[in-house]
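Scroll down for the structure; my scribbles are underneath it.
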Amino acid sequence: MRRWLTFHRDLGLQLLAFYLFLIIPFLVTLLIFDRLVGERIRGDVEANDIALARAIALETDIAIDTSLKTVEELSSYTSVVNVDEEKMGELFSIVLGTRPDVNLVYRLDADGVMLYHYPVGPSSTVGTDFSFRSYYQNALTSNIPLISEGRISPTTNQAVATAVMPIRSSSGKFLGLVGTNIKLESLSSTLSAIVSEHEADEGFEVLILDASGQVIAHPDSAFLLKPANEIMPDVYTQALAGRSGSIVETDLNNEERLYTYASIPSVDWGVIISRPTANAFATRLILQRITQVAMATFILIGLAFWGILSWRVINPIEKLALISEAIGLNQELEQRQRTLIEKMSHRGDQIGNLIRSILRMENSIGERMKEHATLLETSTAVVSSLDLSVVLDRILELVGRLMNVQRIAIIALDQGHGEFRIRASRGLSQGFTEQLSIQPNEPSSVSMRALRVREPIQVSDTEEDPSYKPQRARSRAEGYRAVLAVPLNTQHAPPTCLLVFHTTPHEFTNNEIQLLSSFANQATMAIENAILFERSDARLQEQTRRLEALVQSMEDGLILSDLKGVIIYANRRVAEFSKLSNEDMANIQVERVISRILSHSIEDIARDEETKNILEGSKHKSEIALMVAGRPLHLRFETFDVTDAKDMPIGRGIILHDITADRDLDRMKSNLISTVSHELRTPLAAIKGYASTLLAEDVEWDSKSQREFLSIISNETDRLTSLVNNLLDLSRIEAGSLKLSLEKCNIEETILRGARQWRLESGNSFEVQIEADLPSLYADVPRLETIIRNLIENSVKYAGEQAFIQVKVNRQNDAIVFRVMDDGPGIPPEKSERIFERFYRLDDSLARVTSGAGLGLAICQGLVRAHKGEIWVEPINVGACIAFTIPLNLYTAGGGPS
Amino acid sequence: MNDPVVLIVDDEKSLRDFVRRNLEARHYKALTASNGLEAMAIFNNEKVDLVILDLMMPHLDGLETTRRIRETSKTPIIILTALGEEADKVQAFDMGADDYLTKPFGVGELMGRIKAVLRRARWLEPSSNEEQLVRGDIRVDMERHLVMVKDSPVELTPTEFNLLVYLLKHAGRVLSHRVILQNVWGLEYGNEAEYLRVYIGRLRQKIEADALNPRHLFTEHGMGYRFEG
């Protein structure tokens, strides 16, 4: 797959493949042709050689056949049969005369002894026994002519083969034989003639072998009678076995030869023709060489073509790809590659053109990028501030740098005056900037025109441009010749225009105008941001101040921390609880503050663990009792997550609820319950006690005691009833639903009744002093009685059994003042205010010293106030004095019965 | 035996009289005081066998009076109060009170408690039949009413002493609340499990090395207590 991809991506490989696609069929055809023609040539050569071998075989066969016929014929002559030497001589000479290939004709007797031979010659072998010869042995059992293998004839001393014919009598008795020696040289001469037709350097060889594998005929007589295996590989066996064909073999000299063989069937001899294959197939080899050369040439041409293509086309294209990639990634090319590409760009062909155009493109992209970068940089610089004057200053500075100009102005609508004035400028005279004012509808002003059409407008030469004529005085005074006005597309800011001046005539290029326009967009944004910020900042500050005041004046503590637990904000109360200043708390861990607050705990708590508990868990609530600055303080800690608009946590908040007041109220409520419980149980105890006393069976009481007990029970029941009424009054006072029924009041009687209701102790002395001639007092008499009773009760309780209790009544302005005094320990001045609070008792440390005192005074206060009077503790030298007033005008003012 | 002398302290005259009249009718000698200071004065001058003390009184309240009496004497104290809260009882027992009556109460109840408390107090009279009681590192000298834990003396109130002796005598057995109450406080008792809780707690404070992990006084939940030497 990867290879496939590589192939698809590599133009060189594709071209190579295309080239191979073209030449491979051609090469294959060439190879097939070469093979076919080669075969054909080989076939021709072999057929040729076989034909020749067969021809030689045929000719030899005929020669042998003739010899055999000759001896057969001779054997039928009587002179031969009867061994008539004279006649045989004649006969044999005729034979020799007609057969130049025969060099000896002879007659052996039945025992194989030479009887006669012709020519007689110098070395006669007559009388020699030749019975050892194989042909003699063969002839003994044969009736037909035979041919022997090649041998050296002792008679003629020549290499010969012998054709013999056994001679038999008519009765078939073997009488000997007649034979002719055929000169092998004569056979060889034929071969010599054939060989001589070929060039000597062809290495053409031809030979005949006899049945025993000896060379029988050879152009070179030196080879005669040599065993075939000494001069050639074993290719002759086939021929001697009667077959013909051809075979390629290496000879004994390691030369590859084509051997062609044919047999001479009548005598089992063979003809062998051989020649070096180099010669035999010369044409074919030449053809092969041509094929090889052609293939090599194609491959070389292909490689050369591919190489050139790579070098001249593909490589440059790859380099181009690198540049374009580098341009795309905005990277710098290596210097080496840069030089290479530079060199290639000098080429005159299409590649050169392409490289040059890409290089041009690179340059132009680079410039554009640089421009953008400058613009971005300047824009960033402009929008980096939210202060309007800073923003305007930067705009001027950056326009100067961007456009390379010294004189720049920003003109904006002065909404107060309804005309355009210079808002900020650079390089312009003070007079010009201060005095310039343009009416919004001025037709010839460049800036007004630009603002109207919302397009940049330029005057390239103020002296030449006819539209500028009305303004010319201005340009001359200030000394500029060209001006470009670019409107800022403002929405929240007043209409604004950016002006650029040149002191010489100057045609602003499209590029310059475009650049300034782009910049103007950024500048607009910056100005708008600054203005919006100015507005929102003021509002935000106001809001923050309000929130700050709100949070600071909270009675609860508030701590905000970031996610790492570092304090971001803590209000005044936290500072009070922890006794840390706001500076101390800035940027410290919230644990430290909590731990510090907990250090004021009055309980023995594990601070670290408690701190952890408070900080953990978004819903965690825990209450801690502290003593801060000598005052008890109950705090309830509530921890919550602070999340952003997407509900992601951005910090933690802890609220320290000051629940001291709640706790005090709780304490007072439980005090009320125990007080009421005590108040109710005290008379109940007496009732139950005396009732059970009466019921007890182990003691008999006299009737006087019984009456006494029953009257006590009755009194205590009354006390209980009045107590319940008191409680009801108290709850009515609390609920604000107390209804007074005013009636004319006999003061002394009321006081005495009150005193009587509270049975004074035996040791107490009691005195009532009433000022003479008091006006009539209208009051709710039973309630007034209750007030007096409660106050007397209080005095008795605190001053003891021996106390002297006094009640004084006199008129003071429009009210009657009642004073209840005793000679007891008195009321400490610092507590004189609080004793009227419900359930408050003088001695906190012995909270239950007295029964119901707190309730009594609270009821008194409620009833006095219901009469629109006042109650207070009056300082006296000895003992306590509680005074209260009942207004005299109640009857008329209070809306009672008139 | 002489008639027992009972000091009645209450700021409510009617209640004071009620108790006095009943005691006198049953041959007790009754003394009365209307507050703690008066009570202390009488207590220091007279031989008193039992103090009946209201908790809420002016000048010197019942708790403080109890504390002061306990500084010098083991005379039994019965507390009277209108408050029936557990915390008040515990506080009273802590100060050394022996019993507790919540108002209102009947004559029978009052007399039962008085008799029981006096009986317990009599057990504390020196006895010669047993001298020493030793369980583990706790040694009790019955004759001298002395308790030693690891050879250091421990101060116990009469009821604490009686409770400890009872537990020591029955060491190793699980004792039910009722059994302990009837044997230590008297037959009139049996349901006042909170008394036991308070006293066992105080005993642990005094005799255990670590009151939160007791090694002698074990709580058998839902059943009672068990002492191991």
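Simple scheme: letters A, B, ... for chains in structure tokens order, numbers from 1 for residues in each chain, numbers from 1 for ligands in the order shown.
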
Please extract the residues of region 205-293 of chain A with a backbone DSSP assignment of helix (DSSP H, G or I) and present them as a compact mmCIF listing (two decimals) with N, CA and C atoms, in the first residue's frame.
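After the write, result01.txt holds the following:
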```txt
# COMPACT_ATOMS: atom_id res chain seq x y z
N SER A 221 44.78 -39.75 -42.07
CA SER A 221 44.97 -41.18 -41.94
C SER A 221 45.59 -41.56 -40.60
N ALA A 222 46.19 -40.55 -39.91
CA ALA A 222 46.78 -40.83 -38.60
C ALA A 222 45.74 -41.30 -37.58
N PHE A 223 44.52 -40.93 -37.83
CA PHE A 223 43.46 -41.31 -36.88
C PHE A 223 42.93 -42.69 -37.13
N ALA A 228 37.39 -44.83 -30.99
CA ALA A 228 36.63 -43.56 -31.06
C ALA A 228 36.67 -42.81 -29.72
N ASN A 229 36.64 -43.55 -28.62
CA ASN A 229 36.58 -42.87 -27.31
C ASN A 229 37.83 -42.05 -27.01
N GLU A 230 38.93 -42.28 -27.83
CA GLU A 230 40.12 -41.48 -27.61
C GLU A 230 40.00 -40.11 -28.25
N THR A 237 27.65 -44.21 -29.78
CA THR A 237 26.92 -45.44 -29.46
C THR A 237 25.59 -45.48 -30.19
N GLN A 238 24.91 -44.29 -30.22
CA GLN A 238 23.62 -44.21 -30.92
C GLN A 238 23.77 -44.60 -32.38
N ALA A 239 24.85 -44.07 -32.98
CA ALA A 239 25.05 -44.34 -34.42
C ALA A 239 25.29 -45.82 -34.63
N LEU A 240 26.13 -46.43 -33.75
CA LEU A 240 26.46 -47.84 -33.93
C LEU A 240 25.26 -48.71 -33.66
N THR A 277 29.96 -25.72 -32.31
CA THR A 277 28.66 -25.02 -32.37
C THR A 277 28.88 -23.56 -32.73
N ALA A 278 30.04 -23.02 -32.28
CA ALA A 278 30.35 -21.63 -32.61
C ALA A 278 30.24 -21.40 -34.10
N ASN A 279 30.65 -22.37 -34.84
CA ASN A 279 30.57 -22.22 -36.28
C ASN A 279 29.21 -22.62 -36.79
N ALA A 280 28.76 -23.73 -36.20
CA ALA A 280 27.49 -24.26 -36.69
C ALA A 280 26.36 -23.26 -36.52
N ALA A 282 26.64 -19.95 -35.94
CA ALA A 282 27.19 -18.58 -35.99
C ALA A 282 26.10 -17.56 -36.24
N THR A 283 25.24 -17.81 -37.18
CA THR A 283 24.18 -16.86 -37.54
C THR A 283 23.27 -16.59 -36.34
N ARG A 284 22.97 -17.73 -35.71
CA ARG A 284 22.08 -17.60 -34.55
C ARG A 284 22.72 -16.76 -33.46
N LEU A 285 23.99 -16.97 -33.24
CA LEU A 285 24.69 -16.21 -32.21
C LEU A 285 24.70 -14.73 -32.54
N ILE A 286 24.93 -14.50 -33.84
CA ILE A 286 24.93 -13.08 -34.26
C ILE A 286 23.57 -12.45 -33.95
N LEU A 287 22.55 -13.22 -34.28
CA LEU A 287 21.20 -12.72 -34.03
C LEU A 287 21.00 -12.43 -32.53
N GLN A 288 21.50 -13.38 -31.71
CA GLN A 288 21.37 -13.19 -30.24
C GLN A 288 22.10 -11.94 -29.80
N ARG A 289 23.30 -11.77 -30.31
CA ARG A 289 24.10 -10.60 -29.95
C ARG A 289 23.32 -9.34 -30.28
N ILE A 290 22.71 -9.38 -31.48
CA ILE A 290 21.96 -8.19 -31.91
C ILE A 290 20.82 -7.90 -30.91
N THR A 291 20.14 -8.99 -30.53
CA THR A 291 19.03 -8.82 -29.56
C THR A 291 19.54 -8.20 -28.28
N GLN A 292 20.65 -8.77 -27.76
CA GLN A 292 21.20 -8.25 -26.50
C GLN A 292 21.56 -6.79 -26.62
N VAL A 293 22.23 -6.48 -27.70
CA VAL A 293 22.64 -5.08 -27.90
C VAL A 293 21.41 -4.18 -27.93
```

Next item on the list: Using only C-alpha atoms, determine which residues lie at most 12 Å from Asn810 (chain A), disregarding the query and same-chain residues fewer than 5 positions distant; provide the list as a PyMOL selection string.
Entry: chain A and resi 747-748+768-775+777+815-819+883-888

Using C-alpha atoms, can you export the residues from the last selection as a short mmCIF file (atom, residue, chain, number, x, y, z; two decimals), in the first residue's frame?
```
data_model
loop_
_atom_site.label_atom_id
_atom_site.label_comp_id
_atom_site.auth_asym_id
_atom_site.auth_seq_id
_atom_site.Cartn_x
_atom_site.Cartn_y
_atom_site.Cartn_z
CA ILE A 747 -55.60 54.49 95.08
CA GLU A 748 -55.15 53.47 98.69
CA VAL A 768 -48.40 53.50 102.40
CA GLN A 769 -48.01 57.29 101.93
CA ILE A 770 -50.48 59.01 99.63
CA GLU A 771 -50.29 62.73 98.85
CA ALA A 772 -53.41 64.56 99.90
CA ASP A 773 -55.92 65.99 97.40
CA LEU A 774 -54.95 63.91 94.44
CA PRO A 775 -57.22 64.24 91.42
CA LEU A 777 -57.27 58.60 88.72
CA ALA A 815 -49.46 61.94 86.12
CA ILE A 816 -49.62 60.09 89.39
CA VAL A 817 -46.26 58.62 90.44
CA PHE A 818 -46.15 55.39 92.43
CA ARG A 819 -42.91 54.49 94.22
CA ALA A 883 -41.25 54.07 90.25
CA PHE A 884 -44.01 54.20 87.68
CA THR A 885 -46.48 56.77 86.39
CA ILE A 886 -50.10 56.55 85.37
CA PRO A 887 -51.18 59.60 83.33
CA LEU A 888 -54.12 61.61 84.66
#
```

Next item on the list: Enumerate, as a ChimeraX atom specification, the complete set of residues in region 39-153 of chain A that a backbone-based DSSP assignment places in strand (DSSP E or B).
Entry: /A:102-108,113-118,129,146-147,151-152

Could you produce a table of the residues of chain B lying within 6 Å of chain A, with the nearest pair of atoms per residue and their separation in Å rounded to one decimal, using only C-alpha atoms, ordered by chain and increasing residue number, as CSV?
```
residue,atom,partner,partner_atom,distance
B:Leu15,CA,A:Ala686,CA,5.2
B:Met56,CA,A:Val849,CA,5.2
B:Met57,CA,A:Val849,CA,4.8
B:Pro58,CA,A:Val849,CA,4.5
B:Asp61,CA,A:Val849,CA,5.8
B:Ala82,CA,A:His678,CA,5.1
B:Lys103,CA,A:Ala685,CA,5.3
B:Pro104,CA,A:Ala685,CA,3.9
B:Gly106,CA,A:Ser692,CA,5.2
B:Val107,CA,A:Ser692,CA,5.5
```

Save the residues we just selected, C-alpha atoms, as a CSV table (one decimal), in the first residue's frame?
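This went into again_33.csv:
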```
chain,number,residue,atom,x,y,z
B,15,LEU,CA,-44.3,24.5,101.5
B,56,MET,CA,-34.4,28.1,94.1
B,57,MET,CA,-33.9,30.5,96.9
B,58,PRO,CA,-32.7,34.0,97.3
B,61,ASP,CA,-29.4,28.8,96.5
B,82,ALA,CA,-39.8,22.8,90.7
B,103,LYS,CA,-42.5,19.5,93.1
B,104,PRO,CA,-45.3,18.8,93.5
B,106,GLY,CA,-47.2,13.9,98.1
B,107,VAL,CA,-46.6,13.1,101.7
```

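Going from CA of Ala520 (chain A) over to CA of Val399 (chain A), you cover 9.1 Å.
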
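Using only C-alpha atoms, the nearest neighbour of Asp34 (chain A) within the list A:Gly400, A:Ala294, A:Glu734, A:Glu332 is A:Ala294.
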
Next item on the list: Can you work out which one of B:Leu118, B:Leu101, B:Leu31, B:Leu212 has the shortest atom-to-atom distance to Glu192 (chain B), counting only C-alpha atoms?
Entry: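 Result for the nearest residue to Glu192 (chain B): B:Leu101.
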
Margin query: Need the shell around Thr490 (chain A): protein/DNA/RNA residues with any atom at most 10 Å away, counting only C-alpha atoms. Skip same-chain ones fewer than 5 positions apart. Format as a list of chain:residue names?
Written below: A:Pro495, A:Thr496, A:Cys497, A:Asn521, A:Ala523, A:Thr524, A:Met525, A:Ile527, A:Glu528

Output file for the selection above: N, CA and C atoms, as a JSON list (two decimals), in the first residue's frame:
```
[["chain", "number", "residue", "atom", "x", "y", "z"],
["A", 495, "PRO", "N", -19.27, 61.16, 15.17],
["A", 495, "PRO", "CA", -18.63, 60.99, 13.85],
["A", 495, "PRO", "C", -17.20, 61.50, 13.88],
["A", 496, "THR", "N", -16.29, 60.68, 13.36],
["A", 496, "THR", "CA", -14.86, 61.00, 13.43],
["A", 496, "THR", "C", -14.21, 60.71, 12.10],
["A", 497, "CYS", "N", -13.18, 61.52, 11.77],
["A", 497, "CYS", "CA", -12.51, 61.33, 10.49],
["A", 497, "CYS", "C", -11.00, 61.45, 10.71],
["A", 521, "ASN", "N", -10.38, 51.02, 10.62],
["A", 521, "ASN", "CA", -11.37, 50.12, 11.24],
["A", 521, "ASN", "C", -10.95, 49.74, 12.65],
["A", 523, "ALA", "N", -8.83, 51.34, 14.52],
["A", 523, "ALA", "CA", -8.81, 52.54, 15.36],
["A", 523, "ALA", "C", -10.22, 52.85, 15.86],
["A", 524, "THR", "N", -11.20, 52.65, 14.97],
["A", 524, "THR", "CA", -12.59, 52.90, 15.35],
["A", 524, "THR", "C", -12.97, 52.03, 16.54],
["A", 525, "MET", "N", -12.57, 50.75, 16.41],
["A", 525, "MET", "CA", -12.89, 49.81, 17.47],
["A", 525, "MET", "C", -12.27, 50.28, 18.78],
["A", 527, "ILE", "N", -11.37, 53.29, 19.68],
["A", 527, "ILE", "CA", -12.02, 54.51, 20.20],
["A", 527, "ILE", "C", -13.36, 54.15, 20.84],
["A", 528, "GLU", "N", -14.10, 53.28, 20.14],
["A", 528, "GLU", "CA", -15.41, 52.89, 20.66],
["A", 528, "GLU", "C", -15.25, 52.18, 22.00]]
```

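Neighbours of Gly190 (chain B) closer than or equal to 9 Å, with only C-alpha atoms counted and sequence neighbours fewer than 4 positions away skipped, come out as B:His177, B:Arg178, B:Val179, B:Ile180, B:Leu181, B:Gln182, B:Trp185, B:Gly186.
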